[in-house]
Structures are given as C-alpha cells and as structure tokens.
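Trainee: Sharing run_12.csv here; it has CSV, C-alpha atoms.
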```csv
chain,number,residue,atom,x,y,z
D,1,MET,CA,-2.8,38.5,-17.0
D,2,GLU,CA,-4.6,35.2,-17.6
D,3,ILE,CA,-3.6,33.8,-14.3
D,4,GLU,CA,-6.1,35.9,-12.5
D,5,ARG,CA,-9.0,34.1,-14.2
D,6,TYR,CA,-8.2,30.8,-12.4
D,7,GLU,CA,-9.6,30.4,-8.9
D,8,VAL,CA,-7.8,28.4,-6.2
D,9,ILE,CA,-9.6,25.3,-5.0
D,10,SER,CA,-9.1,24.6,-1.4
D,11,SER,CA,-7.5,21.2,-0.5
D,12,ASP,CA,-10.6,20.2,1.4
D,13,GLU,CA,-12.6,20.2,-1.8
D,14,ILE,CA,-10.0,18.2,-3.6
D,15,ASP,CA,-10.0,15.7,-0.7
D,16,ALA,CA,-13.7,15.4,-0.8
D,17,ALA,CA,-13.8,15.0,-4.5
D,18,GLU,CA,-11.1,12.3,-4.4
D,19,ALA,CA,-13.0,10.5,-1.6
D,20,LEU,CA,-16.2,10.5,-3.6
D,21,ARG,CA,-14.4,9.1,-6.6
D,22,ILE,CA,-12.7,6.3,-4.7
D,23,ASN,CA,-15.7,5.3,-2.7
D,24,SER,CA,-18.0,5.2,-5.7
D,25,LEU,CA,-15.4,3.2,-7.7
D,26,LYS,CA,-15.0,0.8,-4.7
D,27,GLU,CA,-18.7,0.1,-4.6
D,28,THR,CA,-19.1,-0.5,-8.3
D,29,SER,CA,-16.1,-2.8,-8.6
D,30,GLN,CA,-16.9,-5.6,-6.2
D,31,GLN,CA,-17.2,-8.1,-9.0
D,32,ALA,CA,-14.5,-9.0,-11.4
D,33,ILE,CA,-15.0,-7.9,-15.0
D,34,PRO,CA,-15.2,-11.1,-17.2
D,35,ASP,CA,-12.1,-11.6,-19.3
D,36,PRO,CA,-12.4,-11.0,-23.1
D,37,ASP,CA,-11.3,-14.5,-23.9
D,38,ARG,CA,-13.5,-15.5,-26.8
D,39,TRP,CA,-10.4,-15.5,-29.0
D,40,LEU,CA,-9.2,-18.7,-27.4
D,41,GLU,CA,-11.8,-20.9,-28.9
D,42,GLU,CA,-12.6,-18.9,-32.0
D,43,GLU,CA,-11.9,-20.7,-35.2
D,44,LEU,CA,-10.3,-18.8,-38.0
D,45,ARG,CA,-13.2,-18.6,-40.4
D,46,ARG,CA,-12.5,-15.8,-42.8
D,47,ASN,CA,-13.4,-15.3,-46.3
D,48,VAL,CA,-10.7,-15.4,-48.9
D,49,LEU,CA,-10.8,-11.7,-49.8
D,50,LEU,CA,-10.3,-10.4,-46.3
D,51,THR,CA,-7.7,-13.0,-45.3
D,52,THR,CA,-4.8,-11.3,-46.9
D,53,VAL,CA,-5.8,-7.8,-45.7
D,54,ASP,CA,-6.5,-9.1,-42.2
D,55,TYR,CA,-3.3,-11.0,-42.1
D,56,ALA,CA,-1.3,-8.0,-43.2
D,57,VAL,CA,-2.9,-5.6,-40.8
D,58,ASP,CA,-2.6,-8.0,-37.9
D,59,TRP,CA,1.0,-8.7,-38.7
D,60,ALA,CA,1.8,-5.1,-38.8
D,61,ARG,CA,-0.1,-4.3,-35.6
D,62,SER,CA,1.4,-7.1,-33.6
D,63,ARG,CA,5.0,-6.3,-34.6
D,64,SER,CA,4.9,-2.7,-33.3
D,65,ILE,CA,2.8,-2.5,-30.2
D,66,PHE,CA,3.5,0.6,-28.2
D,67,PRO,CA,3.4,-0.4,-24.5
D,68,LEU,CA,2.2,2.1,-21.9
D,69,MET,CA,4.5,2.5,-18.9
D,70,PHE,CA,2.4,1.6,-15.9
D,71,GLY,CA,4.7,0.1,-13.4
D,72,LEU,CA,3.3,0.5,-9.9
D,73,ALA,CA,5.6,-1.6,-7.7
D,74,CYS,CA,8.4,-4.2,-7.8
D,75,CYS,CA,7.1,-5.8,-11.0
D,76,ALA,CA,8.0,-2.6,-12.7
D,77,PHE,CA,11.6,-3.4,-12.3
D,78,GLU,CA,11.2,-6.6,-14.1
D,79,MET,CA,9.4,-4.8,-16.9
D,80,ILE,CA,12.2,-2.3,-17.1
D,81,GLY,CA,14.7,-5.3,-17.0
D,82,SER,CA,12.9,-6.8,-20.0
D,83,ALA,CA,13.3,-3.5,-21.8
D,84,ALA,CA,17.0,-3.4,-21.1
D,85,SER,CA,19.7,-4.9,-23.2
D,86,ARG,CA,19.7,-8.5,-22.0
D,87,PHE,CA,16.1,-9.4,-22.5
D,88,ASP,CA,15.6,-7.0,-25.3
D,89,ILE,CA,11.9,-6.1,-25.8
D,90,SER,CA,12.9,-4.0,-28.7
D,91,ARG,CA,13.2,-7.3,-30.7
D,92,PHE,CA,9.4,-7.2,-30.7
D,93,GLY,CA,9.2,-3.6,-31.8
D,94,MET,CA,8.2,-2.4,-28.4
D,95,ASP,CA,11.2,-0.4,-27.4
D,96,ILE,CA,9.3,2.9,-27.1
D,97,PHE,CA,7.4,2.9,-23.9
D,98,ARG,CA,4.9,5.6,-24.3
D,99,TRP,CA,4.0,7.8,-21.3
D,100,SER,CA,0.9,9.1,-22.8
D,101,PRO,CA,-2.1,6.7,-23.0
D,102,ARG,CA,-3.3,8.4,-26.2
D,103,GLN,CA,-0.3,7.0,-28.1
D,104,ALA,CA,-0.2,3.5,-26.6
D,105,ASP,CA,-1.8,0.2,-27.5
D,106,LEU,CA,-0.8,-2.1,-24.7
D,107,MET,CA,-1.1,-1.3,-21.0
D,108,ILE,CA,1.2,-3.5,-18.9
D,109,VAL,CA,0.0,-3.1,-15.3
D,110,ALA,CA,2.9,-4.2,-13.2
D,111,GLY,CA,2.5,-4.2,-9.5
D,112,THR,CA,0.1,-3.9,-6.6
D,113,LEU,CA,-3.0,-1.7,-7.3
D,114,THR,CA,-4.4,0.2,-4.3
D,115,TRP,CA,-7.9,1.7,-4.1
D,116,LYS,CA,-6.4,5.1,-4.0
D,117,MET,CA,-4.7,4.6,-7.4
D,118,ALA,CA,-7.7,2.7,-8.9
D,119,PRO,CA,-9.5,5.8,-10.4
D,120,ALA,CA,-6.3,6.8,-12.1
D,121,VAL,CA,-5.9,3.4,-13.7
D,122,LYS,CA,-9.5,3.5,-15.0
D,123,LEU,CA,-9.0,7.0,-16.3
D,124,VAL,CA,-5.8,6.0,-18.2
D,125,TYR,CA,-7.4,2.9,-19.6
D,126,GLU,CA,-10.3,4.9,-20.9
D,127,GLN,CA,-8.0,7.4,-22.5
D,128,MET,CA,-6.4,4.8,-24.7
D,129,ALA,CA,-7.7,4.5,-28.2
D,130,GLU,CA,-9.1,1.3,-29.6
D,131,PRO,CA,-7.7,-1.3,-30.2
D,132,LYS,CA,-6.1,-1.7,-26.8
D,133,TRP,CA,-4.9,-4.6,-24.8
D,134,VAL,CA,-4.1,-5.1,-21.1
D,135,ILE,CA,-1.5,-7.4,-19.5
D,136,ALA,CA,-1.8,-8.0,-15.8
D,137,MET,CA,1.8,-8.7,-14.7
D,138,GLY,CA,2.6,-10.3,-11.4
D,139,ALA,CA,0.6,-11.9,-8.6
D,140,CYS,CA,-0.6,-8.6,-7.1
D,141,ALA,CA,-2.1,-7.4,-10.4
D,142,ILE,CA,-3.7,-10.7,-11.1
D,143,SER,CA,-5.5,-11.2,-7.8
D,144,GLY,CA,-4.1,-8.9,-5.1
D,145,GLY,CA,-1.3,-11.4,-4.4
D,146,THR,CA,0.0,-11.5,-0.9
D,147,PHE,CA,-1.9,-8.4,0.0
D,148,ARG,CA,-5.3,-9.6,-1.1
D,149,GLU,CA,-6.8,-9.2,2.4
D,150,SER,CA,-5.5,-5.7,3.0
D,151,TYR,CA,-7.8,-2.8,3.6
D,152,SER,CA,-6.3,-0.8,0.7
D,153,VAL,CA,-5.5,-3.3,-2.1
D,154,VAL,CA,-7.7,-4.0,-5.1
D,155,PRO,CA,-8.1,-7.8,-5.3
D,156,GLY,CA,-6.9,-8.0,-8.9
D,157,ILE,CA,-7.0,-5.3,-11.6
D,158,ASN,CA,-9.8,-7.2,-13.4
D,159,HIS,CA,-12.2,-5.5,-10.9
D,160,ILE,CA,-11.3,-2.2,-12.6
D,161,ILE,CA,-10.4,-2.9,-16.2
D,162,PRO,CA,-10.8,-6.0,-18.5
D,163,VAL,CA,-7.6,-8.0,-18.8
D,164,ASP,CA,-6.4,-9.9,-21.8
D,165,VAL,CA,-3.3,-11.8,-20.6
D,166,TYR,CA,-2.3,-12.7,-17.1
D,167,VAL,CA,1.4,-13.2,-16.5
D,168,PRO,CA,2.0,-15.0,-13.2
D,169,GLY,CA,5.0,-14.6,-11.0
D,170,CYS,CA,6.3,-12.7,-8.1
D,171,PRO,CA,7.8,-11.0,-10.0
D,172,PRO,CA,7.6,-12.9,-13.3
D,173,ARG,CA,11.0,-13.3,-15.0
D,174,PRO,CA,11.5,-11.1,-18.1
D,175,GLU,CA,11.1,-14.2,-20.2
D,176,GLY,CA,7.7,-14.7,-18.7
D,177,LEU,CA,6.6,-11.3,-19.6
D,178,LEU,CA,7.9,-11.8,-23.2
D,179,TYR,CA,5.9,-15.0,-23.3
D,180,GLY,CA,2.8,-13.1,-22.3
D,181,ILE,CA,3.6,-10.6,-25.1
D,182,THR,CA,3.8,-13.4,-27.6
D,183,LYS,CA,0.3,-14.5,-26.5
D,184,ILE,CA,-0.9,-11.0,-27.1
D,185,HIS,CA,0.6,-11.3,-30.6
D,186,LYS,CA,-1.5,-14.5,-31.1
D,187,LYS,CA,-4.6,-12.7,-29.9
D,188,ILE,CA,-4.0,-9.8,-32.3
D,189,GLY,CA,-3.4,-12.3,-35.1
D,190,LYS,CA,-7.0,-13.6,-34.7
D,191,GLU,CA,-8.6,-10.2,-35.0
D,192,SER,CA,-10.3,-9.2,-38.2
D,193,ILE,CA,-10.6,-5.6,-39.4
D,194,LYS,CA,-14.3,-6.0,-39.7
D,195,THR,CA,-14.9,-6.4,-36.0
D,196,SER,CA,-12.1,-4.3,-34.5
M,197,MET,CA,28.7,7.9,14.0
M,198,THR,CA,25.8,9.5,15.8
M,199,ILE,CA,26.1,8.7,19.5
M,200,ALA,CA,22.9,7.4,21.0
M,201,LEU,CA,22.7,9.1,24.3
M,202,ASN,CA,22.0,7.1,27.5
M,203,GLY,CA,18.4,7.7,28.4
M,204,GLU,CA,19.1,7.7,32.2
M,205,GLU,CA,21.6,10.6,32.0
M,206,VAL,CA,19.2,12.7,30.0
M,207,ALA,CA,16.4,11.7,32.3
M,208,GLU,CA,18.3,13.2,35.2
M,209,LYS,CA,18.5,16.5,33.4
M,210,ILE,CA,14.8,16.4,32.5
M,211,ARG,CA,13.9,15.6,36.1
M,212,GLY,CA,16.0,18.5,37.3
M,213,ALA,CA,14.0,20.9,35.1
M,214,PHE,CA,10.5,19.3,35.3
M,215,PRO,CA,10.2,17.1,38.4
M,216,GLY,CA,7.6,14.4,38.0
M,217,SER,CA,7.6,14.3,34.3
M,218,VAL,CA,9.7,11.2,33.7
M,219,VAL,CA,7.8,8.0,34.1
M,220,ALA,CA,10.7,5.6,33.2
M,221,ALA,CA,14.1,5.8,31.7
M,222,ASP,CA,16.5,3.2,30.6
M,223,LYS,CA,19.5,3.0,28.4
M,224,ALA,CA,17.5,3.1,25.2
M,225,ALA,CA,14.7,5.6,25.8
M,226,VAL,CA,13.1,8.2,28.1
M,227,ILE,CA,9.4,7.9,28.8
M,228,VAL,CA,7.6,11.0,29.9
M,229,THR,CA,4.0,11.7,30.8
M,230,ASN,CA,1.5,13.0,28.3
M,231,GLN,CA,0.9,16.3,30.0
M,232,SER,CA,4.5,17.3,30.2
M,233,LEU,CA,5.5,16.2,26.7
M,234,TYR,CA,5.5,19.6,25.0
M,235,GLN,CA,7.5,21.2,27.8
M,236,VAL,CA,10.1,18.4,27.8
M,237,ALA,CA,10.4,18.5,24.1
M,238,GLU,CA,10.9,22.3,24.2
M,239,PHE,CA,13.5,21.8,26.9
M,240,LEU,CA,15.3,19.2,24.9
M,241,LYS,CA,15.4,21.4,21.8
M,242,ASN,CA,16.5,24.6,23.5
M,243,THR,CA,19.0,23.5,26.1
M,244,ALA,CA,22.6,24.1,25.3
M,245,GLY,CA,24.4,20.8,25.4
M,246,LEU,CA,21.4,18.8,24.2
M,247,ASP,CA,20.2,20.9,21.3
M,248,PHE,CA,17.9,18.4,19.6
M,249,ASP,CA,17.0,20.5,16.6
M,250,TYR,CA,16.1,17.6,14.2
M,251,LEU,CA,13.2,15.3,14.5
M,252,THR,CA,14.2,12.1,12.8
M,253,ASP,CA,11.0,10.1,13.2
M,254,LEU,CA,7.6,10.2,14.9
M,255,THR,CA,5.6,7.0,15.1
M,256,ALA,CA,3.1,5.3,17.4
M,257,VAL,CA,2.8,1.7,18.7
M,258,ASP,CA,-0.4,0.1,19.8
M,259,TYR,CA,0.1,-2.0,23.0
M,260,LEU,CA,-3.5,-3.0,23.7
M,261,ASP,CA,-3.5,-1.2,27.1
M,262,TYR,CA,-2.1,2.0,25.8
M,263,PHE,CA,-0.7,3.8,22.8
M,264,GLU,CA,2.9,4.8,22.8
M,265,VAL,CA,4.1,7.7,20.7
M,266,VAL,CA,7.8,7.5,19.9
M,267,TYR,CA,10.0,10.5,18.9
M,268,HIS,CA,13.5,10.0,17.5
M,269,LEU,CA,15.4,13.2,18.1
M,270,THR,CA,18.9,14.0,16.7
M,271,SER,CA,21.2,16.9,17.4
M,272,LEU,CA,23.0,18.1,14.3
M,273,LYS,CA,25.3,20.3,16.3
M,274,HIS,CA,26.6,17.7,18.7
M,275,ASN,CA,25.9,14.6,16.7
M,276,HIS,CA,23.9,12.6,19.3
M,277,SER,CA,20.5,11.2,19.3
M,278,LEU,CA,17.8,10.3,21.8
M,279,VAL,CA,14.5,8.4,21.8
M,280,LEU,CA,11.6,10.0,23.6
M,281,LYS,CA,8.4,8.2,24.3
M,282,THR,CA,5.0,9.0,25.8
M,283,ARG,CA,2.1,6.9,26.7
M,284,CYS,CA,-1.6,7.5,26.1
M,285,TYR,CA,-4.0,5.4,28.1
M,286,GLU,CA,-7.2,6.5,26.4
M,287,ARG,CA,-8.5,4.0,23.9
M,288,GLU,CA,-11.5,5.8,22.4
M,289,LYS,CA,-10.1,9.3,21.7
M,290,PRO,CA,-6.4,9.4,22.5
M,291,VAL,CA,-5.0,13.0,22.5
M,292,VAL,CA,-1.3,14.0,22.5
M,293,SER,CA,0.0,17.5,22.1
M,294,SER,CA,1.5,18.3,18.8
M,295,VAL,CA,5.2,19.2,18.4
M,296,VAL,CA,4.7,20.9,15.0
M,297,ASN,CA,5.8,24.3,16.4
M,298,LEU,CA,9.1,22.9,17.5
M,299,TRP,CA,9.9,20.7,14.5
M,300,ARG,CA,8.2,21.1,11.2
M,301,ALA,CA,8.9,17.6,10.2
M,302,ALA,CA,6.2,16.5,12.6
M,303,ASP,CA,3.5,17.9,10.3
M,304,PHE,CA,3.2,14.9,8.0
M,305,GLN,CA,4.3,12.4,10.5
M,306,GLU,CA,1.5,13.3,12.9
M,307,ARG,CA,-1.0,13.2,10.0
M,308,GLU,CA,0.1,9.7,9.2
M,309,VAL,CA,-0.2,8.6,12.9
M,310,TYR,CA,-3.7,10.2,13.0
M,311,ASP,CA,-4.6,8.4,9.8
M,312,LEU,CA,-3.5,4.9,10.7
M,313,MET,CA,-3.8,4.9,14.5
M,314,GLY,CA,-6.4,7.5,15.3
M,315,ILE,CA,-4.3,9.5,17.8
M,316,THR,CA,-5.4,13.2,17.7
M,317,PHE,CA,-2.6,15.8,18.0
M,318,GLU,CA,-3.8,18.9,19.7
M,319,GLY,CA,-2.5,22.1,18.1
M,320,HIS,CA,-1.8,20.6,14.7
M,321,PRO,CA,-2.8,23.1,12.0
M,322,ASN,CA,-4.2,20.6,9.4
M,323,LEU,CA,-5.0,17.2,10.9
M,324,LYS,CA,-6.4,15.3,8.0
M,325,ARG,CA,-5.9,11.8,6.6
M,326,LEU,CA,-2.7,11.5,4.6
M,327,LEU,CA,-2.3,8.0,3.2
M,328,LEU,CA,-5.9,6.9,3.1
M,329,TRP,CA,-8.7,8.7,1.5
M,330,GLU,CA,-11.0,11.0,3.4
M,331,GLY,CA,-14.2,9.1,4.3
M,332,PHE,CA,-12.3,5.9,5.1
M,333,VAL,CA,-13.9,4.4,8.2
M,334,GLY,CA,-11.5,3.2,10.9
M,335,HIS,CA,-7.9,3.3,11.7
M,336,PRO,CA,-6.2,0.3,10.2
M,337,LEU,CA,-3.0,-0.1,12.1
M,338,ARG,CA,-4.7,-0.5,15.4
M,339,ARG,CA,-4.6,-3.9,16.9
M,340,ASP,CA,-8.3,-4.3,17.0
M,341,TYR,CA,-9.0,-3.2,13.4
M,342,LEU,CA,-10.6,-6.1,11.5
```
Rewrite the structure from the file as structure tokens, please.

Mentor:
Amino acid sequence: MEIERYEVISSDEIDAAEALRINSLKETSQQAIPDPDRWLEEELRRNVLLTTVDYAVDWARSRSIFPLMFGLACCAFEMIGSAASRFDISRFGMDIFRWSPRQADLMIVAGTLTWKMAPAVKLVYEQMAEPKWVIAMGACAISGGTFRESYSVVPGINHIIPVDVYVPGCPPRPEGLLYGITKIHKKIGKESIKTS
Amino acid sequence: MTIALNGEEVAEKIRGAFPGSVVAADKAAVIVTNQSLYQVAEFLKNTAGLDFDYLTDLTAVDYLDYFEVVYHLTSLKHNHSLVLKTRCYEREKPVVSSVVNLWRAADFQEREVYDLMGITFEGHPNLKRLLLWEGFVGHPLRRDYL
C-alpha cells in the first residue's frame, strides 16, 4: 500500500519548524513595506493604439474580480454582510469568494493578524497569480488597531504583504468596504497591459 | 440549574478525610494546599455523594505574592458544582501537580496555563506551549511581563 511510504513526523519537529518560520518572519518584518501607491499621481498617458485595448481589458478585469476569503476576526462578519443580500457585492461581479488563492485576484484581509498566522498570510499571498491586489480591512489590519502593543499582534499587515487600499473602521460598514472596492476598480482602470 | 455547592460544607468533608489540607473555605470556593491537591481532587472525584467527574475549567490567577490555580468541578450525576483553588508561592519556578490522570480535559488547559503563566504541572505527559509558538521568550499573562 502507498501509505507505508510516508513517515510520521513527530510533533516536536513540527513545532520547531513552525517556531523557526515565525521567528524568522518576525525579524524580517520589523519595517512596513511601502505601499504601491504610484497610481495615485500617475497621469493617463497612453498612446492611441493601446488605449482601446487597455480600456477594454481594465474594464473587464475590474468588473469581475474574484475576492479571496481571508476573514480572520470580527471584520470578517462585515465582509460576509457585504456579500449578503442587502449590501450585495455581487453587483460588482464579486459574488464568488474563492477559497483557493490560485483562483483569486483580490485578497481582503479582514481582522487582526497575529504573528502565529503571519507565515500563512504570506504563503497565501505568494500563491496568488499576478495581477493581484490587497485590501486591508479594519483598524487591526491597517495598524494593529487596539491590539497594537500586544505581544502577539502584527502591527499592520503592511509589515508582511504590500497593501493597495486601506479601509478604516472598527469594523467598517459594508458600504465602506464597497467604497474601498470602487477604489480598487479605479486602480485597475489605470493599469496598462504593457506593464502588468 | 446546577447548584453551586457551599464551600464550607465540602471543606468539612475534605478535612475529615485529609486533616490539614484545607487552607480556607468560604461560600464560594475551597482553598487547599499545594501538596495535598492531587489527593483532594481524587477524593472529590471518587466519593459517592460528591462525584465530581467533569472538570469544567482550569485557570490561573497571578496575585503578585502568589499564583492561584483555580479548578471548576461539576458533577454530572448530581448536578452540582464546586470551585477548588490552590496557591503556589514560588515565583521563579512554580510547580503544581497535574490532574490529567483524573480528568482528561486538564490536558490542554494545563498547557495553556503553562504557556501564558509559566506554572509547571508535574506529571503532565506533554507540557509544551499551546497558544504561542515554541521559542517564545517569557510568559505573557504574568503581572510583571513587559
């Protein structure tokens, strides 16, 4: 049987490997990663031939972003609420929350990030295919929130992954999250297929 | 409704079986000495009429002079509950005997107390950190952390 080929790893080894991962990540992420915010001041200088293609591609991309379910704490409930029937996120084409990062474009990190979860967030972000965007939802994801001084909380997810849009609130109302998503649409609208 | 037993009455029974083990008893809880904890717990579990076969909770409190380990016991048979406490006056390496052999629920609870408060449980089969990662320095829920 094939099962006999796999050896059982003891839990001590798993713990040691996890500790190594977390400690090395903690040491390398003391500084915040600078935000990719060049799109805010970029002028739309495009040549005529590419304009139509760019416009069409960006229009198509922004109208059907697949978000990745990454609710960590209480903000997840507001994210789910925005996906429910009153604040319908499916109006924006985003009704399918993908569970697999390989199939998602937008990662909405909703909730407090702890150091123990941080390597998992980094792994999931790296598994997403380009082009990808990240929304930091809620005070805890933006800067650690009320728990910033704690021994176990990452002071903002921009220490681990680069963030495109910050949605403030504790928790932000669903309309706030949808406003953040429209900002992502604007950001996508400024991308050219030459550079992305 | 689960009746919370009066600590003084239960303390009388415990004193009858193990003289000198009860430090204090009031209506809410029974406080026993560290050395007699395991025997008292076994007595509470096995005596007919008390029959505390379910450990509801196991936590610890840090008063700066001592640590207090708190056990919430419930009897499913008689539908009554009791609070048992023990104090540990060591600050550097506090040791309390583990009750894992009596109630399996104590397994993870004691690991959590070890992780966050630093109290070692003697006789625990696998006393490792549970919520924090291995290699974390310090015990965060102590009063003098930070």

Trainee: Report, in Å to a single decimal, how far apart atom CA of M:Leu260 and atom CA of M:Ala225 are.

Mentor: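 These atoms are spaced 20.2 Å apart.
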
Trainee: Compute the set of chain M residues within 12 Å of chain D, using all atoms listed in the file, and express it as a list in words.

Mentor: Leu312, Asn322, Leu323, Lys324, Arg325, Leu326, Leu327, Leu328, Trp329, Glu330, Gly331, Phe332, Val333, Gly334, His335, Pro336, Leu337, Tyr341 and Leu342 of chain M

Trainee: If we count all atoms listed in the file, what is near stretch 28-35 of chain D at a cut-off of 8 Å, once residues fewer than 4 positions away on the same chain are taken out, given as a list in words?

Mentor: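 My list of contacting residues is Ser24, Asn158, His159, Ile160, Ile161, Pro162, Val163 and Asp164 of chain D.
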
Trainee: Identify, on the basis of only C-alpha atoms, every residue whose closest approach to M:Pro290 does not exceed 7 Å; exclude the query and any residue fewer than 3 positions from it along the same chain; express the result as a count of residues only.

Mentor: 5

Trainee: For stretch 207-218 of chain M, please output as a list in words all residues within 8 Å (counting all atoms listed in the file; exclusion window: fewer than 2 positions along the same chain).

Mentor: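 My list of contacting residues is Gly203, Glu204, Glu205, Ala220, Ala221, Val226, Ile227, Val228, Thr229, Ser232, Val236 and Phe239 of chain M.
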
Trainee: If you count only C-alpha atoms, which residues fall within 9 Å of stretch 251-255 of chain M, apart from same-chain ones fewer than 3 positions away, as a list of chain:residue names?

Mentor: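 Close residues of stretch 251-255 of chain M: M:Phe248, M:Glu264, M:Val265, M:Val266, M:Tyr267, M:His268, M:Leu269, M:Thr270, M:Ser271, M:Trp299, M:Arg300, M:Ala301, M:Ala302, M:Gln305, M:Glu306, M:Glu308, M:Val309.
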
Trainee: Which residues come within 9 Å of D:Glu191, counting all atoms listed in the file, excluding same-chain residues fewer than 5 positions away, as a PyMOL selection string?

Mentor: chain D and resi 39+54-55+58+196

Trainee: What residues have an atom no more than 7 Å from (-3.5, 16.7, 17.3) in the file's own frame, counting only C-alpha atoms, and can you write them as a PyMOL selection string?

Mentor: chain M and resi 291-294+316-320+323

Trainee: Keeping only C-alpha atoms, write the selected residues as a CSV table (one decimal), keeping the file's coordinate frame.

Mentor:
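Output file out35.csv follows:
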```
chain,number,residue,atom,x,y,z
M,291,VAL,CA,-5.0,13.0,22.5
M,292,VAL,CA,-1.3,14.0,22.5
M,293,SER,CA,0.0,17.5,22.1
M,294,SER,CA,1.5,18.3,18.8
M,316,THR,CA,-5.4,13.2,17.7
M,317,PHE,CA,-2.6,15.8,18.0
M,318,GLU,CA,-3.8,18.9,19.7
M,319,GLY,CA,-2.5,22.1,18.1
M,320,HIS,CA,-1.8,20.6,14.7
M,323,LEU,CA,-5.0,17.2,10.9
```

Trainee: Complete the atoms of stretch 175-186 of chain D to N, CA and C atoms and put them out as a PDB file, in the frame of the given file.

Mentor:
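For reference, rebuild.pdb as written:
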```
ATOM      1  N   GLU D 175      11.572 -13.260 -19.183  1.00  0.00           N
ATOM      2  CA  GLU D 175      11.100 -14.200 -20.200  1.00  0.00           C
ATOM      3  C   GLU D 175       9.656 -14.502 -20.096  1.00  0.00           C
ATOM      4  N   GLY D 176       9.152 -14.519 -18.859  1.00  0.00           N
ATOM      5  CA  GLY D 176       7.700 -14.700 -18.700  1.00  0.00           C
ATOM      6  C   GLY D 176       6.897 -13.629 -19.246  1.00  0.00           C
ATOM      7  N   LEU D 177       7.354 -12.395 -19.043  1.00  0.00           N
ATOM      8  CA  LEU D 177       6.600 -11.300 -19.600  1.00  0.00           C
ATOM      9  C   LEU D 177       6.661 -11.321 -21.133  1.00  0.00           C
ATOM     10  N   LEU D 178       7.819 -11.722 -21.696  1.00  0.00           N
ATOM     11  CA  LEU D 178       7.900 -11.800 -23.200  1.00  0.00           C
ATOM     12  C   LEU D 178       7.004 -12.906 -23.699  1.00  0.00           C
ATOM     13  N   TYR D 179       6.843 -13.993 -22.928  1.00  0.00           N
ATOM     14  CA  TYR D 179       5.900 -15.000 -23.300  1.00  0.00           C
ATOM     15  C   TYR D 179       4.490 -14.493 -23.353  1.00  0.00           C
ATOM     16  N   GLY D 180       4.153 -13.693 -22.319  1.00  0.00           N
ATOM     17  CA  GLY D 180       2.800 -13.100 -22.300  1.00  0.00           C
ATOM     18  C   GLY D 180       2.632 -12.171 -23.522  1.00  0.00           C
ATOM     19  N   ILE D 181       3.704 -11.491 -23.921  1.00  0.00           N
ATOM     20  CA  ILE D 181       3.600 -10.600 -25.100  1.00  0.00           C
ATOM     21  C   ILE D 181       3.388 -11.413 -26.358  1.00  0.00           C
ATOM     22  N   THR D 182       4.017 -12.587 -26.447  1.00  0.00           N
ATOM     23  CA  THR D 182       3.800 -13.400 -27.600  1.00  0.00           C
ATOM     24  C   THR D 182       2.324 -13.902 -27.660  1.00  0.00           C
ATOM     25  N   LYS D 183       1.741 -14.122 -26.474  1.00  0.00           N
ATOM     26  CA  LYS D 183       0.300 -14.500 -26.500  1.00  0.00           C
ATOM     27  C   LYS D 183      -0.546 -13.342 -26.950  1.00  0.00           C
ATOM     28  N   ILE D 184      -0.147 -12.115 -26.612  1.00  0.00           N
ATOM     29  CA  ILE D 184      -0.900 -11.000 -27.100  1.00  0.00           C
ATOM     30  C   ILE D 184      -0.757 -10.922 -28.649  1.00  0.00           C
ATOM     31  N   HIS D 185       0.420 -11.261 -29.154  1.00  0.00           N
ATOM     32  CA  HIS D 185       0.600 -11.300 -30.600  1.00  0.00           C
ATOM     33  C   HIS D 185      -0.385 -12.287 -31.242  1.00  0.00           C
ATOM     34  N   LYS D 186      -0.539 -13.454 -30.579  1.00  0.00           N
ATOM     35  CA  LYS D 186      -1.500 -14.500 -31.100  1.00  0.00           C
ATOM     36  C   LYS D 186      -2.888 -13.925 -31.086  1.00  0.00           C
TER      37      LYS D 186
END
```
